[in-house]
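Peer 1: Structure in structure tokens, see below.
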Amino acid sequence: MKANYGYKDGSGEFYITIDTELCDGCTRCVEACPEKVLEVVENELDPLAEELVARVTDEHRKKIKYSCAPCKPTTGPINLPCVQSCEPGAISHSW
Amino acid sequence: MANSESKEYWRWTESRWTNPDLDWKNGEIISAGVDVGSVSTQSVVMVDGEIYCYANMRTGSDSPDSANKSMKWALDGTELPLDNIEYAVGTGYGRVNVPFAKRAITEIACHARGANFMYGPTIRTVLDMGGQDCKAIRCDHRGKVTAFLMNDKCAAGTGRGMEVFADLLQVHINEVGQMSLVDEEPEPVSSTCVVFAKSEAVALLRKGWSKDNVLAAYCGAMAHRVVTLLERLGVEDDFAITGGIAKNIGVVSRIEKELKVTAPEPSIDPQLAGAIGGALFGKALVEKASKK
Amino acid sequence: MTVIGIDLGAKNTKVVILRSSEILATSSVLSGFDQQSSAEEAVNEALNKAKITREDIKHITATGAGMDAITFANDTVTEISASARGISKVFPSVRTVIDIGAEEGRAIRLNENGKIIDFGINEKCAAGAGAFTEAMARALEVELEKMGEMSLKSTKAVPMNAQCTIFAESEVVSLIHQNTPREDIIRAVHDAIADRITSMTRRVGIEKDVALVGGVANNIGFVDSMKRNLGFDLLIPKDPIVPEFISAYGAALVAQDTMNGG
């Protein structure tokens, strides 16, 4: 499943996509994120299964443009710690 | 309704229903779903996976109270005691605050499941436009979520945004859609942000635009915004729209036109999708437990 | 040589008249429906104050959201450039400018010569601009000008969850219903917008000195929240070039540069 967390407002589209087919629930992204945007929990989208997957915390879903801002300088290379820490490549950002 | 409420242009009609062809006493599994949204609350009671009764009403000051009231209203006249409901699921914004629910399930999973029930197994894309959020969901033939996105940060594209406009133009929310169907489609309002769109609308009115045209421009903008959200996921037929905005023909017809798809006419009130999904999960969880 | 800078903002239209780098007069009028006539009105008011006539003006440079509507301007300059030019004249030590207008927020990085090296804009969402505080003042039924003073009297930090102006309005109303003191709600409003603006500024990198300009800089409550967030003091321009006049002043300086062949 492709779970898109975030929002679109007048200023743009800000989504973190987590591919739950690829995510193995390892929690490395949780440790890598300096702003504590991610967590690993039971997959709430599939209530009849009991697998662990990463997701964006409730606290950050409505402000990830701001939460992720420190990792996204306007100039210079962007190396997102969450994306780099994810071996199966389950995490991507829309902006 | 009291006269004092006649000026609340956002107010819509509450409703309840009992299925005359079902008798709960003959059922094996009685399950329920309660969808406590920011604006409306629905309770659906199912007997062996068929809708037995439901209630749809405005959310009150707190979630537990709204859940209790809507369930009480749903059960009104059925003689079905609340305790006979084997598994109740809470969903929606206030899902963790449903006093009699055994479990809270995210509305995304419930909407996919509910749409599968309402529209059949060919449904692949569900757009739910709620009071304070907008969700786009892709699902498989069993109603299992395969992709989703949600927007509950921004009022644009939600019922709340439409309420702001209904209030500004002093038009009843139920009439907005019909009024917006003008002969010549105007340019959509350019601002996404509801605050800025409102200023734009005020300027258009000052320019001499009719309310109908301003509503057309806003419904057009809302439809376009929702379409761009859907495009992130990709739209696959069959496509359905649920939630309060599904009743707004002004928005629905413009979405269909832009996407070149036709959303099936629901036989059941589309606002019930989340609660129906919850009740179906309730039944599935009873069955899962009995297999163990 | 006398020149004019006009900043036609989303809310107010500001005019600064300069004669050989000296400020002759300033004026501010509400930006009306007809932008051209708002600009005319503001210019005439400033000319009257300076006791000069239109014929004395050698050059007019416009900036701001409605700059292209001013047909009598000789040229235009972007808001970023105008803001940067204005602030580096007032505070040459500034390396980071935070400029919050009614409908837009900007963060600009400058080098030691006042040249723009980077910038970020927060636009098309009211939650990151002055419109947010204005809407909250309306929801609270408090005059916008009193918001700053009142928030400094707050004794408790209350959280605000809504990130959208429309949803924040409802949240403010429910906080009032819960008998939360207005002072605490106002502080929450200022903290919320300060958080968003600080994050936006972090994208361009924060280097001292940091200046705060635009109409929102007049709100001492917001300034206080920004200070708490950043952990240091901000430079805020004072009379005669108060924060909302920086861009008009910058535009006037650009007009002067143009006339001097710069």
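Following the order of the structure tokens, first chain is A, next is B, and so on, with residues numbered from 1 inside each chain and ligands from 1 in the order they appear.
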Write out as a ChimeraX atom specification all residues of chain A that backbone DSSP assigns to alpha helix (DSSP H).
Peer 2: /A:28-32,58-61,64-67,81-85
Peer 1: Given a cut-off of 9 Å, which residues of chain C touch chain A, counting only C-alpha atoms, written out as a list in words?
Peer 2: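 Therefore, the residues near the partner are Asp118, Phe119, Gly120, Asn122, Glu123, Lys124, Cys125, Ala126, Asn161, Ala162, Gln163, Cys164, Asp195, Arg196, Ile197, Thr198, Ser199, Met200, Thr201, Arg202, Arg203, Val204 and Gly205 of chain C.
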Peer 1: Put those residues in a file: C-alpha atoms, as a CSV table (one decimal), in the first residue's frame.
Peer 2:
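Saved as result_8.csv:
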```csv
chain,number,residue,atom,x,y,z
C,118,ASP,CA,19.2,33.2,-1.1
C,119,PHE,CA,15.5,33.6,-0.3
C,120,GLY,CA,12.4,31.6,0.5
C,122,ASN,CA,5.7,31.4,1.8
C,123,GLU,CA,2.8,32.4,-0.3
C,124,LYS,CA,-0.8,31.5,-1.2
C,125,CYS,CA,-1.5,30.2,2.3
C,126,ALA,CA,-2.9,32.7,4.9
C,161,ASN,CA,-3.3,22.4,16.7
C,162,ALA,CA,-4.9,23.9,13.6
C,163,GLN,CA,-2.4,24.8,10.8
C,164,CYS,CA,-5.1,26.4,8.6
C,195,ASP,CA,6.9,28.6,14.6
C,196,ARG,CA,5.9,28.5,10.9
C,197,ILE,CA,8.0,31.6,10.1
C,198,THR,CA,11.0,30.3,11.9
C,199,SER,CA,10.9,27.0,10.0
C,200,MET,CA,10.7,28.9,6.7
C,201,THR,CA,13.7,31.0,7.7
C,202,ARG,CA,15.7,27.9,8.6
C,203,ARG,CA,15.5,26.8,5.0
C,204,VAL,CA,17.6,29.8,3.9
C,205,GLY,CA,19.8,29.5,7.0
```
Peer 1: Please identify all polymer residues within 8 Å of stretch 145-150 of chain B, counting only C-alpha atoms, omitting same-chain residues fewer than 2 positions from it, and present them as a VMD selection string.
Peer 2: (chain A and resid 1 to 7 45 to 46) or (chain B and resid 108 to 109 112 133 to 140 143 152 229 233)
Peer 1: Got time to write the residues from that selection, N, CA and C atoms, as a short mmCIF file (atom, residue, chain, number, x, y, z; two decimals), in the first residue's frame?
Peer 2:
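Contents of out_12.cif, as written:
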```
data_model
loop_
_atom_site.label_atom_id
_atom_site.label_comp_id
_atom_site.auth_asym_id
_atom_site.auth_seq_id
_atom_site.Cartn_x
_atom_site.Cartn_y
_atom_site.Cartn_z
N MET A 1 0.83 -1.19 0.00
CA MET A 1 0.00 0.00 0.00
C MET A 1 0.88 1.25 0.00
N LYS A 2 0.45 2.24 -0.78
CA LYS A 2 1.18 3.51 -0.77
C LYS A 2 0.43 4.49 0.13
N ALA A 3 1.01 4.73 1.29
CA ALA A 3 0.38 5.62 2.25
C ALA A 3 1.00 7.01 2.11
N ASN A 4 0.18 7.99 1.77
CA ASN A 4 0.67 9.36 1.61
C ASN A 4 0.26 10.19 2.82
N TYR A 5 1.25 10.67 3.56
CA TYR A 5 0.95 11.50 4.72
C TYR A 5 1.37 12.93 4.44
N GLY A 6 0.52 13.85 4.78
CA GLY A 6 0.84 15.26 4.57
C GLY A 6 -0.36 15.99 4.06
N TYR A 7 -0.14 16.94 3.17
CA TYR A 7 -1.25 17.76 2.70
C TYR A 7 -0.87 18.56 1.48
N LEU A 45 -4.17 0.78 8.45
CA LEU A 45 -4.98 0.74 7.23
C LEU A 45 -5.46 -0.67 6.91
N ASP A 46 -4.89 -1.65 7.61
CA ASP A 46 -5.29 -3.02 7.37
C ASP A 46 -5.60 -3.65 8.73
N ILE B 108 -10.01 5.86 6.87
CA ILE B 108 -9.59 5.52 5.51
C ILE B 108 -9.92 4.06 5.21
N ALA B 109 -9.56 3.18 6.15
CA ALA B 109 -9.88 1.76 5.99
C ALA B 109 -11.39 1.56 5.95
N ALA B 112 -13.04 2.73 2.54
CA ALA B 112 -12.79 1.80 1.43
C ALA B 112 -13.74 0.61 1.55
N ASP B 133 -11.99 17.38 6.13
CA ASP B 133 -10.88 16.76 5.43
C ASP B 133 -11.32 16.24 4.08
N CYS B 134 -10.34 15.77 3.35
CA CYS B 134 -10.59 15.23 2.03
C CYS B 134 -9.64 14.04 1.89
N LYS B 135 -10.18 12.90 1.49
CA LYS B 135 -9.36 11.69 1.37
C LYS B 135 -9.53 11.09 -0.01
N ALA B 136 -8.45 10.62 -0.57
CA ALA B 136 -8.53 9.88 -1.82
C ALA B 136 -7.99 8.49 -1.52
N ILE B 137 -8.76 7.47 -1.88
CA ILE B 137 -8.40 6.10 -1.51
C ILE B 137 -8.48 5.20 -2.74
N ARG B 138 -7.46 4.36 -2.91
CA ARG B 138 -7.53 3.31 -3.94
C ARG B 138 -7.71 1.99 -3.21
N CYS B 139 -8.56 1.11 -3.73
CA CYS B 139 -8.76 -0.16 -3.03
C CYS B 139 -8.93 -1.31 -4.01
N ASP B 140 -8.80 -2.53 -3.49
CA ASP B 140 -8.95 -3.72 -4.34
C ASP B 140 -10.39 -4.23 -4.29
N GLY B 143 -12.21 -4.32 -1.03
CA GLY B 143 -12.34 -3.08 -0.26
C GLY B 143 -11.14 -2.84 0.63
N ASP B 152 -6.11 16.89 5.84
CA ASP B 152 -6.96 17.43 6.90
C ASP B 152 -6.31 18.65 7.51
N LEU B 229 -5.41 16.33 -6.40
CA LEU B 229 -5.10 15.39 -5.32
C LEU B 229 -5.23 13.96 -5.83
N LEU B 233 -2.59 9.90 -6.86
CA LEU B 233 -2.83 8.46 -6.67
C LEU B 233 -3.11 7.74 -7.99
#
```
Peer 1: Could you list, as a PyMOL selection string, every residue within 9 Å of C:Ala194, counting only C-alpha atoms and ignoring same-chain residues fewer than 4 positions away?
Peer 2: chain C and resi 128+189-190+198-199+222-223+225-226+229
Peer 1: If you run DSSP on the backbone, which residues of stretch 5-112 of chain C are strand (DSSP E or B), as number ranges by chain?
Peer 2: C: 5-8, 12-19, 22-30, 57-63, 75-76, 96-100, 104-110
Peer 1: Show me a table, sorted first by chain and then by increasing residue number, of the residues of chain C having an atom at most 12 Å from chain B, each with its shortest atom pair and the distance in Å to one decimal, counting only C-alpha atoms and written as a tab-separated table.
Peer 2:
```
residue	atom	partner	partner_atom	distance
C:Ala10	CA	B:Phe196	CA	10.5
C:Lys11	CA	B:Ser199	CA	11.2
C:Gly32	CA	B:Ala203	CA	10.1
C:Phe33	CA	B:Ala203	CA	7.2
C:Asp34	CA	B:Ala203	CA	10.3
C:Ala102	CA	B:Phe196	CA	10.8
C:Glu103	CA	B:Phe196	CA	8.4
C:Glu104	CA	B:Phe196	CA	11.3
C:Glu123	CA	B:Cys193	CA	9.9
C:Lys124	CA	B:Cys193	CA	6.4
C:Cys125	CA	B:Cys193	CA	5.5
C:Ala126	CA	B:Val195	CA	6.5
C:Ala127	CA	B:Cys193	CA	9.1
C:Gly128	CA	B:Cys193	CA	11.3
C:Ala129	CA	B:Val195	CA	11.3
C:Gly130	CA	B:Val195	CA	11.7
C:Ala131	CA	B:Val195	CA	8.2
C:Phe132	CA	B:Val195	CA	8.9
C:Glu134	CA	B:Val195	CA	10.9
C:Ala135	CA	B:Val195	CA	8.7
C:Met136	CA	B:Val195	CA	11.8
C:Asn161	CA	B:Lys153	CA	9.7
C:Ala162	CA	B:Lys153	CA	7.2
C:Gln163	CA	B:Lys153	CA	6.1
C:Cys164	CA	B:Cys154	CA	5.3
C:Thr165	CA	B:Val195	CA	7.2
C:Ile166	CA	B:Ala155	CA	6.3
C:Phe167	CA	B:Ala155	CA	6.8
C:Ala168	CA	B:Ala155	CA	10.1
C:Glu169	CA	B:Val195	CA	10.9
C:Ser170	CA	B:Arg160	CA	10.3
C:Glu171	CA	B:Ser38	CA	11.9
C:Ser174	CA	B:Ser61	CA	9.5
C:His177	CA	B:Ser61	CA	10.5
C:Gln178	CA	B:Ser61	CA	11.2
```
Peer 1: Write out, as a compact mmCIF listing (two decimals), in the first residue's frame, the residues just selected, with C-alpha atoms.
Peer 2:
```txt
# COMPACT_ATOMS: atom_id res chain seq x y z
CA ALA C 10 -2.32 43.23 -0.40
CA LYS C 11 -3.63 45.32 2.48
CA GLY C 32 -8.74 49.45 -2.38
CA PHE C 33 -10.50 47.55 -5.09
CA ASP C 34 -9.00 49.88 -7.68
CA ALA C 102 -0.49 40.60 4.87
CA GLU C 103 -0.58 37.71 2.39
CA GLU C 104 3.01 36.56 2.06
CA GLU C 123 2.75 32.41 -0.33
CA LYS C 124 -0.81 31.50 -1.18
CA CYS C 125 -1.55 30.19 2.30
CA ALA C 126 -2.86 32.67 4.87
CA ALA C 127 -1.46 30.65 7.79
CA GLY C 128 2.09 31.90 7.10
CA ALA C 129 1.24 35.58 6.74
CA GLY C 130 -0.26 38.58 8.49
CA ALA C 131 -3.74 37.54 7.35
CA PHE C 132 -3.54 34.78 9.98
CA GLU C 134 -5.86 39.40 11.47
CA ALA C 135 -8.38 36.56 11.17
CA MET C 136 -7.56 35.45 14.73
CA ASN C 161 -3.34 22.40 16.69
CA ALA C 162 -4.91 23.89 13.57
CA GLN C 163 -2.45 24.79 10.84
CA CYS C 164 -5.10 26.38 8.62
CA THR C 165 -6.54 29.84 9.26
CA ILE C 166 -10.12 28.64 8.76
CA PHE C 167 -9.70 25.72 11.18
CA ALA C 168 -7.79 27.93 13.62
CA GLU C 169 -10.79 30.28 13.75
CA SER C 170 -12.96 27.41 14.99
CA GLU C 171 -10.24 26.35 17.43
CA SER C 174 -13.79 26.63 21.14
CA HIS C 177 -15.94 28.56 25.07
CA GLN C 178 -13.65 26.59 27.37
```
